[in-house]
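Have a look at coords.txt; it's compact mmCIF, C-alpha atoms:
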# COMPACT_ATOMS: atom_id res chain seq x y z
CA MET X 157 69.99 94.92 106.71
CA LEU X 158 70.58 92.54 109.63
CA SER X 159 70.61 93.98 113.10
CA VAL X 160 73.93 93.89 114.94
CA LEU X 161 72.49 91.20 117.22
CA SER X 162 71.55 88.83 114.41
CA LEU X 163 74.72 89.69 112.50
CA LEU X 164 76.99 88.62 115.33
CA ALA X 165 74.96 85.50 116.03
CA LEU X 166 75.65 84.28 112.50
CA LEU X 167 78.83 82.23 112.39
CA VAL X 168 79.91 81.63 108.82
CA SER X 169 83.26 80.04 109.62
CA SER X 170 85.09 79.06 112.80
CA ILE X 171 88.29 77.05 112.54
CA THR X 172 90.80 76.59 115.36
CA GLY X 173 94.57 76.51 114.91
CA SER X 174 97.26 74.57 116.76
CA PRO X 175 97.59 74.31 120.58
CA VAL X 176 99.20 77.02 122.71
CA GLU X 177 103.00 76.99 122.44
CA VAL X 178 105.26 78.40 125.15
CA ARG X 179 108.90 78.53 124.10
CA ASN X 180 111.80 80.64 125.42
CA SER X 181 109.49 83.10 127.19
CA LEU X 182 107.31 83.36 124.10
CA VAL X 183 103.60 82.67 124.32
CA THR X 184 102.06 81.67 120.99
CA LEU X 185 98.28 81.37 120.95
CA PRO X 186 96.14 79.90 118.20
CA MET X 187 93.44 82.27 116.97
CA THR X 188 90.04 81.17 115.75
CA ARG X 189 88.79 82.92 112.66
CA ARG X 190 85.21 84.10 112.86
CA LEU X 191 83.55 85.47 109.74
CA THR X 192 80.50 86.89 111.47
CA PHE X 193 79.13 89.09 108.71
CA SER X 194 76.48 88.18 106.19
CA ASN X 195 76.92 90.94 103.62
CA VAL X 196 79.14 93.84 102.61
CA THR X 197 76.79 96.42 104.10
CA ASP X 198 77.57 95.14 107.57
CA ILE X 199 81.32 94.99 106.92
CA LEU X 200 81.43 98.57 105.66
CA ARG X 201 79.19 99.74 108.48
CA HIS X 202 81.63 98.46 111.07
CA ASP X 203 84.67 99.81 109.22
CA GLU X 204 83.04 103.23 108.98
CA ALA X 205 82.33 103.14 112.72
CA ARG X 206 86.02 102.60 113.40
CA MET X 207 87.00 105.52 111.16
CA ALA X 208 84.49 107.71 112.99
CA ALA X 209 86.11 106.75 116.28
CA PHE X 210 89.59 107.68 115.01
CA ARG X 211 88.25 111.05 113.84
CA GLU X 212 86.52 111.71 117.15
CA TYR X 213 89.84 112.04 118.95
CA SER X 214 91.04 114.78 116.62
CA THR X 215 87.91 116.81 117.33
CA HIS X 216 87.36 116.27 121.04
CA GLY X 217 90.48 114.58 122.44
CA PRO X 218 90.25 111.25 124.27
CA ARG X 219 86.67 110.40 125.16
CA ALA X 220 85.15 107.52 127.06
CA ASN X 221 82.55 106.79 124.41
CA VAL X 222 84.98 106.31 121.55
CA ARG X 223 86.55 102.89 121.29
CA LEU X 224 87.28 100.65 118.36
CA LEU X 225 85.99 97.18 117.60
CA ASN X 226 84.95 95.32 114.49
CA PHE X 227 82.86 92.18 114.78
CA GLY X 228 82.83 91.49 111.04
CA MET X 229 86.03 89.65 110.17
CA GLY X 230 87.72 88.98 113.49
CA TYR X 231 89.91 86.52 115.36
CA THR X 232 89.36 85.16 118.85
CA VAL X 233 91.57 83.45 121.43
CA ASP X 234 90.63 81.28 124.40
CA VAL X 235 91.92 82.26 127.87
CA ASN X 236 91.20 81.05 131.41
CA ILE X 237 90.23 83.64 134.02
CA GLY X 238 89.72 83.40 137.77
CA SER X 239 89.26 80.48 140.15
CA PRO X 240 87.83 78.04 139.50
CA PRO X 241 89.20 78.80 136.02
CA ALA X 242 86.61 79.56 133.38
CA THR X 243 87.40 79.66 129.67
CA TYR X 244 86.45 82.78 127.75
CA ARG X 245 86.59 83.31 124.00
CA LEU X 246 87.86 86.86 123.47
CA VAL X 247 88.11 88.97 120.32
CA VAL X 248 91.65 90.23 119.64
CA GLU X 249 91.49 94.03 119.53
CA SER X 250 94.55 96.07 118.52
CA SER X 251 93.06 99.53 119.00
CA SER X 252 92.09 99.24 122.65
CA SER X 253 94.08 98.18 125.72
CA ILE X 254 91.01 97.09 127.71
CA THR X 255 90.37 93.40 128.36
CA TRP X 256 86.81 92.62 129.38
CA VAL X 257 84.34 89.75 129.77
CA GLY X 258 80.67 89.23 130.47
CA THR X 259 78.70 88.79 127.25
CA ASP X 260 78.00 85.16 126.34
CA SER X 261 79.61 83.79 129.55
CA MET X 262 79.07 85.33 132.98
CA TYR X 263 82.08 86.17 135.13
CA VAL X 264 82.16 84.04 138.29
CA SER X 265 85.39 83.83 140.30
CA LEU X 266 86.39 83.32 143.92
CA THR X 267 89.66 85.20 143.46
CA GLY X 268 88.44 88.35 141.70
CA VAL X 269 88.94 91.62 143.60
CA ASP X 270 86.52 94.46 142.92
CA THR X 271 88.60 97.64 142.50
CA GLY X 272 85.60 99.96 142.43
CA LYS X 273 86.80 101.42 139.14
CA LEU X 274 83.93 101.99 136.72
CA VAL X 275 84.41 101.74 132.97
CA ALA X 276 82.15 102.58 130.04
CA VAL X 277 82.91 101.88 126.40
CA ASP X 278 80.77 102.59 123.36
CA TYR X 279 81.74 100.73 120.20
CA ARG X 280 79.43 102.86 118.10
CA TYR X 281 77.56 100.63 115.65
CA GLY X 282 79.20 97.56 117.20
CA GLY X 283 77.57 97.74 120.66
CA SER X 284 78.70 98.97 124.06
CA PHE X 285 79.25 97.92 127.64
CA GLN X 286 79.47 99.33 131.14
CA GLY X 287 81.12 97.56 134.00
CA THR X 288 83.55 97.39 136.88
CA ILE X 289 87.26 96.60 136.88
CA PHE X 290 88.21 93.45 138.78
CA GLU X 291 91.73 92.21 139.36
CA ASP X 292 92.08 88.49 138.82
CA SER X 293 94.28 85.75 137.41
CA LEU X 294 94.45 85.15 133.68
CA ALA X 295 96.03 82.02 132.22
CA PHE X 296 96.93 80.85 128.75
CA THR X 297 98.01 77.40 130.00
CA ASP X 298 98.17 75.61 133.35
CA GLU X 299 101.85 76.59 133.57
CA LEU X 300 101.56 80.17 132.40
CA SER X 301 99.38 82.68 134.21
CA ILE X 302 99.49 86.22 135.55
CA MET X 303 97.96 87.66 138.70
CA GLY X 304 96.23 90.96 139.32
CA MET X 305 95.21 91.48 135.70
CA PRO X 306 92.65 94.32 135.39
CA ILE X 307 89.61 92.80 133.73
CA ALA X 308 86.47 94.81 133.08
CA VAL X 309 83.37 92.81 133.94
CA ALA X 310 80.48 94.02 131.82
CA SER X 311 77.25 94.61 133.73
CA ALA X 312 75.32 96.00 130.78
CA PRO X 313 76.65 94.76 127.43
CA ARG X 314 74.46 95.84 124.52
CA ASP X 315 74.27 94.23 121.08
CA ILE X 316 77.44 92.21 121.62
CA VAL X 317 77.03 88.45 121.20
CA GLY X 318 78.86 85.51 119.70
CA PHE X 319 81.90 85.72 122.01
CA ASP X 320 82.68 86.43 125.64
CA GLY X 321 84.54 89.73 125.51
CA VAL X 322 87.70 91.41 124.26
CA LEU X 323 91.46 90.87 124.67
CA GLY X 324 92.95 94.35 124.38
CA ILE X 325 96.46 94.61 122.93
CA GLY X 326 96.34 98.29 121.99
CA PRO X 327 98.60 101.00 123.43
CA THR X 328 97.86 102.03 127.02
CA VAL X 329 96.96 105.56 125.90
CA SER X 330 94.05 104.20 123.85
CA SER X 331 92.10 103.65 127.10
CA LEU X 332 92.38 107.27 128.22
CA GLY X 333 88.92 108.48 129.21
CA ALA X 334 87.33 105.04 129.64
CA LEU X 335 87.33 105.13 133.45
CA ARG X 336 84.20 106.86 134.74
CA ASN X 337 85.17 107.62 138.35
CA PRO X 338 85.55 111.43 138.59
CA ASP X 339 88.94 111.15 140.29
CA LEU X 340 90.24 108.66 137.69
CA ARG X 341 89.33 110.41 134.42
CA GLY X 342 92.98 110.92 133.55
CA ASP X 343 94.01 107.34 134.33
CA THR X 344 94.54 104.55 131.82
CA ILE X 345 94.22 100.76 131.71
CA PRO X 346 97.35 98.93 130.55
CA PRO X 347 97.00 96.02 128.11
CA ILE X 348 97.71 92.41 128.94
CA THR X 349 101.12 92.70 127.28
CA ASP X 350 102.26 95.08 130.03
CA TYR X 351 101.23 92.70 132.80
CA LEU X 352 102.89 89.71 131.17
CA PHE X 353 106.08 91.75 130.96
CA ARG X 354 105.90 93.17 134.50
CA GLN X 355 105.48 89.68 135.96
CA ARG X 356 108.34 88.36 133.83
CA ALA X 357 106.16 85.93 131.96
CA ILE X 358 107.62 87.37 128.75
CA ARG X 359 110.95 89.07 128.05
CA GLN X 360 109.64 91.97 125.99
CA PRO X 361 106.31 93.87 125.85
CA VAL X 362 105.88 92.79 122.25
CA VAL X 363 103.02 91.19 120.31
CA GLY X 364 103.46 89.41 116.97
CA ILE X 365 100.42 88.80 114.75
CA PHE X 366 100.03 86.34 111.90
CA PHE X 367 96.84 86.23 109.87
CA ARG X 368 96.32 83.69 107.13
CA PRO X 369 94.35 84.83 104.08
CA VAL X 370 91.22 83.05 102.94
CA VAL X 371 92.54 80.12 100.89
CA ARG X 372 90.22 77.72 99.09
CA GLY X 373 90.39 74.25 100.58
CA ALA X 374 92.85 75.22 103.34
CA VAL X 375 92.54 75.60 107.10
CA ASN X 376 92.38 79.30 107.96
CA TYR X 377 93.94 80.28 111.26
CA GLY X 378 96.00 82.93 112.96
CA GLN X 379 98.65 83.10 115.66
CA LEU X 380 99.20 85.67 118.38
CA THR X 381 102.65 85.67 120.01
CA PHE X 382 103.43 87.54 123.24
CA GLY X 383 107.00 88.37 124.21
CA GLY X 384 108.53 88.43 120.74
CA THR X 385 107.88 86.99 117.32
CA ASN X 386 107.22 83.55 115.89
CA ARG X 387 110.08 82.96 113.47
CA ASN X 388 108.17 80.19 111.69
CA MET X 389 105.55 82.65 110.48
CA TYR X 390 107.76 85.02 108.45
CA TYR X 391 111.01 85.17 106.54
CA GLY X 392 113.76 87.77 106.29
CA GLU X 393 114.07 90.53 108.87
CA ILE X 394 111.37 92.46 110.64
CA LYS X 395 111.70 96.12 109.73
CA TYR X 396 110.49 98.61 112.33
CA THR X 397 109.17 102.13 112.22
CA SER X 398 108.37 104.43 115.13
CA VAL X 399 104.81 105.09 116.21
CA THR X 400 103.80 108.40 114.65
CA ALA X 401 103.70 111.57 116.74
CA THR X 402 100.75 112.92 114.71
CA PRO X 403 97.35 112.78 116.45
CA PRO X 404 94.89 111.15 116.34
CA SER X 405 96.90 108.25 114.86
CA SER X 406 99.47 108.60 117.67
CA GLN X 407 96.88 107.33 120.17
CA TYR X 408 96.80 103.92 118.50
CA TRP X 409 99.28 101.77 116.58
CA GLY X 410 99.81 104.65 114.16
CA ILE X 411 102.66 104.98 111.68
CA ASN X 412 103.81 107.23 108.86
CA GLN X 413 103.88 106.00 105.27
CA SER X 414 103.49 107.06 101.65
CA ILE X 415 101.76 105.10 98.88
CA THR X 416 102.21 104.91 95.13
CA TYR X 417 100.31 103.05 92.43
CA GLY X 418 102.66 102.34 89.56
CA ASN X 419 104.25 105.73 88.90
CA VAL X 420 101.36 107.66 90.45
CA GLU X 421 101.80 109.08 93.96
CA LEU X 422 98.57 108.43 95.81
CA LEU X 423 99.53 109.49 99.30
CA PRO X 424 102.48 111.65 100.38
CA TYR X 425 104.28 110.84 103.62
CA SER X 426 101.56 111.05 106.25
CA ALA X 427 100.10 109.47 109.38
CA GLY X 428 97.57 106.67 109.69
CA VAL X 429 96.73 103.54 111.66
CA VAL X 430 97.52 99.83 111.52
CA ASP X 431 94.32 98.13 112.65
CA CYS X 432 93.40 94.45 112.63
CA GLY X 433 89.74 95.34 113.17
CA CYS X 434 89.13 97.16 109.87
CA THR X 435 88.57 94.74 107.01
CA PHE X 436 89.63 96.85 104.03
CA LEU X 437 92.50 99.18 103.15
CA TYR X 438 91.37 102.80 103.52
CA ILE X 439 93.05 105.88 102.07
CA ALA X 440 92.19 109.60 102.11
CA SER X 441 89.47 110.70 99.71
CA ASP X 442 91.73 112.47 97.21
CA ALA X 443 94.21 109.57 97.22
CA TYR X 444 91.31 107.22 96.55
CA GLU X 445 90.16 109.25 93.56
CA SER X 446 93.64 109.04 92.06
CA TYR X 447 93.62 105.27 92.57
CA ARG X 448 90.14 104.90 91.07
CA ILE X 449 91.11 106.78 87.93
CA ALA X 450 94.42 104.99 87.56
CA THR X 451 92.91 101.50 87.91
CA GLY X 452 89.86 102.12 85.76
CA GLY X 453 87.68 100.89 88.60
CA ILE X 454 83.97 101.65 88.63
CA VAL X 455 82.00 101.87 91.87
CA ASN X 456 79.62 98.91 92.03
CA ALA X 457 76.13 100.13 92.88
CA ALA X 458 75.30 97.09 95.00
CA ASN X 459 78.30 97.04 97.31
CA GLY X 460 80.17 100.35 96.91
CA LEU X 461 83.44 98.60 96.05
CA LEU X 462 85.54 99.41 93.03
CA GLN X 463 85.02 96.77 90.33
CA VAL X 464 87.37 96.10 87.44
CA THR X 465 87.12 93.96 84.33
CA THR X 466 89.39 91.00 83.70
CA GLY X 467 91.33 93.18 81.26
CA ASP X 468 91.78 95.92 83.86
CA TYR X 469 92.84 93.36 86.44
CA ASN X 470 95.51 91.97 84.12
CA THR X 471 97.02 95.45 83.78
CA LEU X 472 96.87 96.47 87.45
CA ARG X 473 100.11 98.07 88.62
CA ALA X 474 101.78 97.43 91.96
CA LEU X 475 100.57 99.30 95.01
CA ARG X 476 103.63 100.25 97.06
CA PHE X 477 103.72 101.23 100.73
CA TYR X 478 106.85 103.11 101.81
CA ILE X 479 107.24 102.59 105.57
CA GLY X 480 110.50 103.60 107.20
CA GLU X 481 113.25 102.45 104.89
CA GLU X 482 111.25 99.53 103.50
CA THR X 483 108.83 99.11 100.61
CA TYR X 484 105.90 96.70 100.90
CA ILE X 485 104.24 95.69 97.67
CA PHE X 486 100.64 94.77 96.90
CA GLY X 487 100.60 92.98 93.59
CA ARG X 488 97.45 92.47 91.55
CA ASN X 489 96.10 89.61 93.64
CA ALA X 490 96.61 91.44 96.93
CA GLN X 491 94.48 94.34 95.72
CA ILE X 492 91.32 92.30 95.16
CA TRP X 493 88.61 90.87 97.37
CA PRO X 494 88.67 87.04 97.74
CA ARG X 495 86.49 85.76 94.94
CA SER X 496 85.50 82.81 97.13
CA LEU X 497 83.65 85.40 99.25
CA ASN X 498 82.02 87.28 96.38
CA HIS X 499 78.61 86.13 97.57
CA VAL X 500 79.13 88.25 100.69
CA VAL X 501 79.54 91.40 98.59
CA TYR X 502 76.60 90.66 96.27
CA GLY X 503 78.94 89.64 93.47
CA ASN X 504 79.04 86.83 90.97
CA ARG X 505 81.68 84.14 91.22
CA ASP X 506 84.09 85.69 88.71
CA ASP X 507 83.55 89.38 89.53
CA ILE X 508 86.66 91.28 90.55
CA PHE X 509 86.40 93.86 93.35
CA LEU X 510 89.23 95.98 94.76
CA VAL X 511 89.93 96.17 98.50
CA VAL X 512 91.00 99.83 98.52
CA ARG X 513 88.27 101.97 100.05
CA ARG X 514 87.62 105.70 100.35
CA MET X 515 87.86 107.63 103.60
CA ASP X 516 85.57 110.64 103.86
CA THR X 517 88.39 113.05 104.72
CA PRO X 518 91.20 114.43 102.52
CA ILE X 519 94.94 114.13 102.96
CA GLY X 520 96.36 115.97 105.96
CA GLU X 521 93.91 115.10 108.74
CA GLY X 522 96.32 112.99 110.80
CA TYR X 523 94.56 109.73 109.88
CA ASP X 524 95.09 109.50 106.13
CA PHE X 525 95.01 105.71 105.89
CA ILE X 526 94.05 102.54 107.73
CA ASN X 527 96.10 99.46 106.93
CA GLY X 528 93.41 96.96 107.80
CA TYR X 529 93.05 93.20 107.83
CA VAL X 530 93.80 92.84 104.11
CA PHE X 531 97.23 94.36 104.78
CA LEU X 532 97.99 92.32 107.89
CA GLU X 533 97.14 89.04 106.16
CA ARG X 534 99.99 89.71 103.71
CA PHE X 535 102.62 90.87 106.20
CA TYR X 536 103.59 89.62 109.65
CA THR X 537 102.98 92.49 112.06
CA VAL X 538 104.64 93.36 115.37
CA PHE X 539 103.45 95.83 118.01
CA ASP X 540 106.36 96.78 120.28
CA ALA X 541 105.14 98.74 123.32
CA GLY X 542 108.60 98.88 124.90
CA THR X 543 110.09 101.00 122.13
CA SER X 544 106.85 102.45 120.68
CA ARG X 545 107.28 101.01 117.23
CA VAL X 546 105.54 98.80 114.69
CA GLY X 547 107.28 96.19 112.58
CA PHE X 548 106.50 94.24 109.43
CA ALA X 549 107.99 91.21 107.74
CA ARG X 550 107.18 89.20 104.65
CA THR X 551 105.39 85.89 104.83
CA ARG X 552 104.75 83.15 102.33
CA PHE X 553 101.56 84.99 101.43
CA SER X 554 103.10 88.41 100.74
CA ASP X 555 103.68 87.76 97.06
CA ALA X 556 101.12 85.00 96.52
CA THR X 557 99.23 85.35 93.26
CA ASN X 558 96.60 82.63 93.67
CA ILE X 559 94.89 83.49 96.94
CA ASN X 560 92.15 85.84 95.80
Just give me the structure of the file as structure tokens.
Amino acid sequence: MLSVLSLLALLVSSITGSPVEVRNSLVTLPMTRRLTFSNVTDILRHDEARMAAFREYSTHGPRANVRLLNFGMGYTVDVNIGSPPATYRLVVESSSSITWVGTDSMYVSLTGVDTGKLVAVDYRYGGSFQGTIFEDSLAFTDELSIMGMPIAVASAPRDIVGFDGVLGIGPTVSSLGALRNPDLRGDTIPPITDYLFRQRAIRQPVVGIFFRPVVRGAVNYGQLTFGGTNRNMYYGEIKYTSVTATPPSSQYWGINQSITYGNVELLPYSAGVVDCGCTFLYIASDAYESYRIATGGIVNAANGLLQVTTGDYNTLRALRFYIGEETYIFGRNAQIWPRSLNHVVYGNRDDIFLVVRRMDTPIGEGYDFINGYVFLERFYTVFDAGTSRVGFARTRFSDATNIN
């Protein structure tokens, strides 16, 4: 198995989208896709680390050493910080509110103010950092910038390479416990969305996310929109649901949903997390067993994924997610791993692997599912901090049958 250091240094794909667009108090940023894994072992290892971090809250409450990050299949954005402005490539992180720099590029700025606030974050198997909070300017364009943004400057990053830091868009509460000063243990660090809103750079504390699936022969990119949504990236209406009140999912972008496969109920109405850092779709262990039996999938010994025959694939039933008053459907193609990436999971070109994975806890633990990257690439996703809700809308990829 590759070490984390060599894993992150490997760049399989990096493609940049369109320029930054600022329109009607909306800030739309292109996101660069970085496939920084080399095999399925590393992908699963990072996903499992994130699940462990979610579980940690339910056992011990908020802790400084439990934060979420996945360096496997991630997106980055470029921002300018400080004066003279320096460009940093930051990983978009939806389960932490902390923005920080200091890995591949050192932080040097004449305008940064040292607040004396100490921060420590441990990303489990994905590395860690310690540092100090500075307040400085952060700009997306020459015309659009914010002042006094709290930016953690890492003094001791460990096993984190390949980018310059993290852009945190998670809920403010997700940072509880990260500050190490004894008199600040109960304080939090707001995300960049809050500061954009406070300084009237955007009209709403809202983030819209568009991920494009892996498509053979096409440019793969993403878009991150602050202040609202990018109407060009979805169709129909965005349907919202409140952030769940059930911990530990309530500390993140957590929602309630139920799931069926065909006529089989896999998961009753329960709480879980929407997370752009987890690659796969995870469901509670007993729900997973029901799905495995119903699909006829067999666990592949080499990669741990469920594998089905062509005949089983042709008879796969729809996977339905009931969120709020809406139903979101995963057809056959949405349930399988991209065959163009089968080499990453030790598969042959025509093998068919399912993207539904098993959590190691049963239904009823307060984190019964994780709607990961494979879900977000099918549905436009909105994180609304102002009203504590999450929204979804259909895109041109929601019902696509020829992607994977």
Hey, what's within 12 Å of Thr465 in chain X if we count all atoms listed in the file and toss same-chain stuff fewer than 4 positions away? As a VMD selection string, please?
-> chain X and resid 451 to 454 456 469 to 472 492 506 to 510
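For the pair CA of Thr271 in chain X and CA of Gly304 in chain X, the interatomic distance is 10.6 Å.
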Separation of CA of Leu340 in chain X from CA of Pro403 in chain X, in Å and rounded to one decimal = 22.8 Å
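Proximity of X:Val277, X:Val511, X:Leu461, X:Ile254 to Met305 in chain X, computed with only C-alpha atoms, is greatest for X:Ile254.
As for CA of Gly333 in chain X and CA of Gln407 in chain X, they are spaced 12.1 Å apart.
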Which of these, X:Ala357, X:Tyr523, X:Glu421, X:Phe477, has the shortest distance to Ala401 in chain X once you count all atoms listed in the file?
-> X:Tyr523
Contacts of range 426-438 of chain X within 7 Å, only C-alpha atoms, excl. fewer than 4 positions in-chain, as a VMD selection string | chain X and resid 203 225 to 226 229 to 230 249 to 251 400 402 405 408 to 414 511 to 515 522 to 532
Which is closer to Ser544 in chain X than all the others in X:Asp339, X:Val329, X:Thr381, X:Thr557, using all atoms listed in the file?
-> X:Val329
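Nearest residue to Glu533 in chain X, choosing from X:Phe553, X:Tyr231, X:Phe319, X:Trp256 and counting all atoms listed in the file: X:Phe553.
The protein and nucleic acid residues lying at most 10 Å from Val538 in chain X are Val362, Val363, Gly364, Ile365, Phe366, Leu380, Thr381, Phe382, Gly384, Thr385, Ile394, Lys395, Tyr396, Arg545, Val546, Gly547, Phe548 and Ala549 of chain X, with all atoms listed in the file considered and sequence neighbours fewer than 6 positions away removed.
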Residues near Met262 in chain X, cut-off 9 Å, only C-alpha atoms, skip fewer than 6 positions along chain, as number ranges by chain = X: 309-310, 320
For Ile302 in chain X, list every protein, DNA or RNA residue within 8 Å, evaluated using all atoms listed in the file, and leave out those in the same chain fewer than 4 positions away; present the list as a VMD selection string.
-> chain X and resid 293 to 295 351 to 352 355 357
For Gly418 in chain X, the closest of X:Gln286, X:Gln463, X:Asn386, X:Ser446 counting all atoms listed in the file is X:Ser446
Using all atoms listed in the file, find all polymer residues with an atom at most 6 Å away from the point (96.2, 84.3, 109.4); report them as an NGL selection string.
-> :X and (366-369 or 377-378 or 533)
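For the point (113.2, 81.9, 103.3), the residues with at least one atom inside 9 Å, counting all atoms listed in the file, are Tyr390, Tyr391, Gly392, Thr551 and Arg552 of chain X.
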